[in-house]
file query.pdb (PDB, N, CA and C atoms)
MODEL        1
ATOM      1  N   MET A  15      -2.009  18.611  -2.045
ATOM      2  CA  MET A  15      -2.006  17.158  -1.910
ATOM      3  C   MET A  15      -0.907  16.752  -0.932
ATOM      4  N   GLU A  16      -1.207  15.703  -0.232
ATOM      5  CA  GLU A  16      -0.269  15.171   0.756
ATOM      6  C   GLU A  16      -0.158  13.665   0.549
ATOM      7  N   THR A  17       1.031  13.126   0.762
ATOM      8  CA  THR A  17       1.218  11.681   0.669
ATOM      9  C   THR A  17       1.106  11.088   2.060
ATOM     10  N   VAL A  18       0.245  10.108   2.202
ATOM     11  CA  VAL A  18       0.136   9.345   3.432
ATOM     12  C   VAL A  18       0.369   7.875   3.077
ATOM     13  N   TRP A  19       0.507   7.062   4.100
ATOM     14  CA  TRP A  19       0.746   5.635   3.892
ATOM     15  C   TRP A  19      -0.429   4.843   4.412
ATOM     16  N   LEU A  20      -0.928   3.941   3.602
ATOM     17  CA  LEU A  20      -2.030   3.065   3.985
ATOM     18  C   LEU A  20      -1.459   1.717   4.381
ATOM     19  N   LEU A  21      -1.862   1.236   5.533
ATOM     20  CA  LEU A  21      -1.541  -0.135   5.907
ATOM     21  C   LEU A  21      -2.738  -0.978   5.505
ATOM     22  N   LEU A  22      -2.524  -1.819   4.519
ATOM     23  CA  LEU A  22      -3.580  -2.723   4.067
ATOM     24  C   LEU A  22      -3.326  -4.093   4.666
ATOM     25  N   VAL A  23      -4.307  -4.604   5.380
ATOM     26  CA  VAL A  23      -4.207  -5.921   5.991
ATOM     27  C   VAL A  23      -5.182  -6.841   5.277
ATOM     28  N   ILE A  24      -4.664  -7.972   4.831
ATOM     29  CA  ILE A  24      -5.489  -8.960   4.141
ATOM     30  C   ILE A  24      -5.559 -10.184   5.047
ATOM     31  N   LEU A  25      -6.746 -10.479   5.522
ATOM     32  CA  LEU A  25      -6.963 -11.578   6.448
ATOM     33  C   LEU A  25      -7.740 -12.671   5.734
ATOM     34  N   LYS A  26      -7.094 -13.775   5.502
ATOM     35  CA  LYS A  26      -7.692 -14.914   4.794
ATOM     36  C   LYS A  26      -8.322 -14.490   3.475
ATOM     37  N   GLY A  27      -7.632 -13.612   2.738
ATOM     38  CA  GLY A  27      -8.088 -13.187   1.425
ATOM     39  C   GLY A  27      -9.051 -12.010   1.428
ATOM     40  N   THR A  28      -9.439 -11.509   2.596
ATOM     41  CA  THR A  28     -10.361 -10.382   2.693
ATOM     42  C   THR A  28      -9.612  -9.138   3.141
ATOM     43  N   ILE A  29      -9.707  -8.057   2.363
ATOM     44  CA  ILE A  29      -9.034  -6.811   2.715
ATOM     45  C   ILE A  29      -9.803  -6.129   3.838
ATOM     46  N   GLN A  30      -9.094  -5.813   4.905
ATOM     47  CA  GLN A  30      -9.686  -5.133   6.059
ATOM     48  C   GLN A  30      -9.675  -3.625   5.815
ATOM     49  N   ASP A  31     -10.328  -2.860   6.685
ATOM     50  CA  ASP A  31     -10.320  -1.407   6.557
ATOM     51  C   ASP A  31      -8.887  -0.891   6.649
ATOM     52  N   PRO A  32      -8.492   0.034   5.757
ATOM     53  CA  PRO A  32      -7.123   0.540   5.786
ATOM     54  C   PRO A  32      -6.875   1.427   7.007
ATOM     55  N   VAL A  33      -5.620   1.481   7.419
ATOM     56  CA  VAL A  33      -5.186   2.358   8.501
ATOM     57  C   VAL A  33      -4.201   3.345   7.887
ATOM     58  N   TYR A  34      -4.385   4.634   8.151
ATOM     59  CA  TYR A  34      -3.564   5.685   7.553
ATOM     60  C   TYR A  34      -2.443   6.107   8.487
ATOM     61  N   PHE A  35      -1.258   6.330   7.922
ATOM     62  CA  PHE A  35      -0.103   6.825   8.664
ATOM     63  C   PHE A  35       0.527   7.968   7.889
ATOM     64  N   ARG A  36       1.017   8.970   8.588
ATOM     65  CA  ARG A  36       1.746  10.062   7.942
ATOM     66  C   ARG A  36       3.199   9.668   7.667
ATOM     67  N   SER A  37       3.708   8.732   8.433
ATOM     68  CA  SER A  37       5.113   8.337   8.345
ATOM     69  C   SER A  37       5.229   6.902   7.836
ATOM     70  N   LEU A  38       6.125   6.690   6.878
ATOM     71  CA  LEU A  38       6.379   5.340   6.393
ATOM     72  C   LEU A  38       6.945   4.473   7.513
ATOM     73  N   ASP A  39       7.806   5.042   8.345
ATOM     74  CA  ASP A  39       8.388   4.276   9.457
ATOM     75  C   ASP A  39       7.302   3.747  10.393
ATOM     76  N   ASP A  40       6.333   4.596  10.727
ATOM     77  CA  ASP A  40       5.239   4.160  11.599
ATOM     78  C   ASP A  40       4.421   3.055  10.941
ATOM     79  N   CYS A  41       4.187   3.191   9.656
ATOM     80  CA  CYS A  41       3.433   2.176   8.918
ATOM     81  C   CYS A  41       4.178   0.844   8.929
ATOM     82  N   LEU A  42       5.493   0.895   8.724
ATOM     83  CA  LEU A  42       6.284  -0.331   8.693
ATOM     84  C   LEU A  42       6.349  -1.009  10.058
ATOM     85  N   VAL A  43       6.378  -0.220  11.122
ATOM     86  CA  VAL A  43       6.363  -0.793  12.475
ATOM     87  C   VAL A  43       5.044  -1.533  12.701
ATOM     88  N   ALA A  44       3.937  -0.907  12.342
ATOM     89  CA  ALA A  44       2.625  -1.547  12.495
ATOM     90  C   ALA A  44       2.530  -2.792  11.607
ATOM     91  N   GLN A  45       3.068  -2.697  10.396
ATOM     92  CA  GLN A  45       3.057  -3.838   9.475
ATOM     93  C   GLN A  45       3.779  -5.035  10.090
ATOM     94  N   GLN A  46       4.936  -4.802  10.685
ATOM     95  CA  GLN A  46       5.702  -5.892  11.290
ATOM     96  C   GLN A  46       4.960  -6.511  12.474
ATOM     97  N   LYS A  47       4.255  -5.678  13.237
ATOM     98  CA  LYS A  47       3.479  -6.208  14.362
ATOM     99  C   LYS A  47       2.349  -7.107  13.871
ATOM    100  N   VAL A  48       1.707  -6.701  12.784
ATOM    101  CA  VAL A  48       0.644  -7.536  12.211
ATOM    102  C   VAL A  48       1.239  -8.831  11.679
ATOM    103  N   LYS A  49       2.333  -8.734  10.945
ATOM    104  CA  LYS A  49       2.956  -9.928  10.370
ATOM    105  C   LYS A  49       3.445 -10.890  11.450
ATOM    106  N   SER A  50       3.924 -10.367  12.582
ATOM    107  CA  SER A  50       4.434 -11.236  13.647
ATOM    108  C   SER A  50       3.326 -12.079  14.270
ATOM    109  N   GLN A  51       2.087 -11.614  14.183
ATOM    110  CA  GLN A  51       0.961 -12.389  14.704
ATOM    111  C   GLN A  51       0.687 -13.617  13.855
ATOM    112  N   ASN A  52       1.224 -13.625  12.646
ATOM    113  CA  ASN A  52       0.982 -14.700  11.685
ATOM    114  C   ASN A  52       2.140 -15.695  11.637
ATOM    115  N   PHE A  53       3.147 -15.518  12.471
ATOM    116  CA  PHE A  53       4.385 -16.294  12.372
ATOM    117  C   PHE A  53       4.147 -17.807  12.390
ATOM    118  N   HIS A  54       3.291 -18.293  13.266
ATOM    119  CA  HIS A  54       3.112 -19.732  13.418
ATOM    120  C   HIS A  54       2.173 -20.345  12.384
ATOM    121  N   THR A  55       1.482 -19.523  11.598
ATOM    122  CA  THR A  55       0.557 -20.073  10.605
ATOM    123  C   THR A  55       1.102 -19.997   9.189
ATOM    124  N   MET A  56       2.337 -19.476   9.015
ATOM    125  CA  MET A  56       2.896 -19.359   7.669
ATOM    126  C   MET A  56       3.352 -20.720   7.159
ATOM    127  N   VAL A  57       2.969 -21.019   5.940
ATOM    128  CA  VAL A  57       3.441 -22.217   5.260
ATOM    129  C   VAL A  57       3.768 -21.804   3.840
ATOM    130  N   GLY A  58       5.044 -21.743   3.506
ATOM    131  CA  GLY A  58       5.438 -21.277   2.185
ATOM    132  C   GLY A  58       4.956 -19.863   1.964
ATOM    133  N   ASP A  59       4.251 -19.629   0.876
ATOM    134  CA  ASP A  59       3.726 -18.298   0.574
ATOM    135  C   ASP A  59       2.222 -18.227   0.875
ATOM    136  N   ASN A  60       1.720 -19.203   1.628
ATOM    137  CA  ASN A  60       0.297 -19.248   1.951
ATOM    138  C   ASN A  60       0.065 -18.616   3.320
ATOM    139  N   TYR A  61       0.012 -17.281   3.366
ATOM    140  CA  TYR A  61      -0.174 -16.563   4.627
ATOM    141  C   TYR A  61      -1.663 -16.412   4.912
ATOM    142  N   TRP A  62      -2.008 -16.522   6.173
ATOM    143  CA  TRP A  62      -3.366 -16.198   6.583
ATOM    144  C   TRP A  62      -3.514 -14.697   6.714
ATOM    145  N   ILE A  63      -2.420 -14.025   7.071
ATOM    146  CA  ILE A  63      -2.437 -12.576   7.223
ATOM    147  C   ILE A  63      -1.317 -11.987   6.363
ATOM    148  N   LYS A  64      -1.677 -11.017   5.528
ATOM    149  CA  LYS A  64      -0.678 -10.257   4.769
ATOM    150  C   LYS A  64      -0.883  -8.785   5.106
ATOM    151  N   ALA A  65       0.207  -8.037   5.179
ATOM    152  CA  ALA A  65       0.113  -6.615   5.482
ATOM    153  C   ALA A  65       1.122  -5.871   4.608
ATOM    154  N   VAL A  66       0.663  -4.807   3.954
ATOM    155  CA  VAL A  66       1.532  -4.007   3.094
ATOM    156  C   VAL A  66       1.263  -2.529   3.331
ATOM    157  N   CYS A  67       2.312  -1.732   3.189
ATOM    158  CA  CYS A  67       2.190  -0.276   3.265
ATOM    159  C   CYS A  67       2.247   0.273   1.845
ATOM    160  N   VAL A  68       1.248   1.061   1.473
ATOM    161  CA  VAL A  68       1.215   1.642   0.136
ATOM    162  C   VAL A  68       0.982   3.148   0.241
ATOM    163  N   PRO A  69       1.633   3.927  -0.630
ATOM    164  CA  PRO A  69       1.436   5.376  -0.592
ATOM    165  C   PRO A  69       0.109   5.766  -1.219
ATOM    166  N   LYS A  70      -0.453   6.874  -0.740
ATOM    167  CA  LYS A  70      -1.693   7.394  -1.311
ATOM    168  C   LYS A  70      -1.668   8.915  -1.227
ATOM    169  N   GLN A  71      -2.062   9.563  -2.302
ATOM    170  CA  GLN A  71      -2.183  11.020  -2.337
ATOM    171  C   GLN A  71      -3.585  11.399  -1.884
ATOM    172  N   ILE A  72      -3.666  12.295  -0.900
ATOM    173  CA  ILE A  72      -4.970  12.764  -0.435
ATOM    174  C   ILE A  72      -4.952  14.284  -0.324
ATOM    175  N   LYS A  73      -6.140  14.868  -0.290
ATOM    176  CA  LYS A  73      -6.252  16.313  -0.104
ATOM    177  C   LYS A  73      -5.926  16.645   1.350
ATOM    178  N   GLU A  74      -5.379  17.813   1.588
ATOM    179  CA  GLU A  74      -5.014  18.247   2.943
ATOM    180  C   GLU A  74      -6.197  18.168   3.887
ATOM    181  N   LYS A  75      -7.398  18.537   3.450
ATOM    182  CA  LYS A  75      -8.582  18.565   4.300
ATOM    183  C   LYS A  75      -8.930  17.185   4.852
ATOM    184  N   GLU A  76      -8.617  16.124   4.121
ATOM    185  CA  GLU A  76      -8.949  14.768   4.546
ATOM    186  C   GLU A  76      -8.147  14.331   5.754
ATOM    187  N   THR A  77      -7.018  14.994   6.042
ATOM    188  CA  THR A  77      -6.160  14.546   7.138
ATOM    189  C   THR A  77      -6.340  15.372   8.395
ATOM    190  N   THR A  78      -7.135  16.435   8.347
ATOM    191  CA  THR A  78      -7.338  17.270   9.529
ATOM    192  C   THR A  78      -8.627  16.889  10.231
ATOM    193  N   ASN A  79      -8.685  17.142  11.514
ATOM    194  CA  ASN A  79      -9.882  16.821  12.296
ATOM    195  C   ASN A  79     -10.760  18.043  12.518
ATOM    196  N   GLU A  80     -10.579  19.091  11.764
ATOM    197  CA  GLU A  80     -11.341  20.325  11.944
ATOM    198  C   GLU A  80     -12.652  20.279  11.195
TER     199      GLU A  80
ENDMDL
END
call {"tool": "encode", "arguments": {"input": "query.pdb", "output": "structure tokens"}}
result
Amino acid sequence: METVWLLLVILKGTIQDPVYFRSLDDCLVAQQKVKSQNFHTMVGDNYWIKAVCVPKQIKEKETTNE
């Protein structure tokens, strides 16, 4: 088993397809880029775009392209 990081993006309440990262740092960089696109539409806690990085355990075979 291997731990990878999923970037979950929620756009207007709809969860988009997850993006997988091997590194938490890479996931957090992508998360900040997504969040920065939402800067002008934020009002309180009512975001049009939310992005979170969550860990996920997957089998080794799922991460290889062979």
call {"tool": "resolve_selection", "arguments": {"input": "query.pdb", "expression": "the PyMOL selection byres ((chain A and resi 33-46) around 5)", "output": "ChimeraX atom specification"}}
result
/A:18-21,31-32,47-50
call {"tool": "atom_distance", "arguments": {"input": "query.pdb", "atom1": "CA of Pro69 (chain A)", "atom2": "CA of Leu22 (chain A)"}}
result
10.6 Å
call {"tool": "resolve_selection", "arguments": {"input": "query.pdb", "expression": "the PyMOL selection byres (((chain A and resi 23 and name CA) around 6) and name CA)", "output": "list of chain:residue names"}}
result
A:Leu22, A:Ile24, A:Ile29, A:Gln30, A:Lys64, A:Ala65
call {"tool": "atom_distance", "arguments": {"input": "query.pdb", "atom1": "atom N of Lys73 (chain A)", "atom2": "atom N of Met15 (chain A)"}}
result
5.8 Å
call {"tool": "atom_distance", "arguments": {"input": "query.pdb", "atom1": "atom N of Glu16 (chain A)", "atom2": "atom C of Lys70 (chain A)"}}
result
6.9 Å
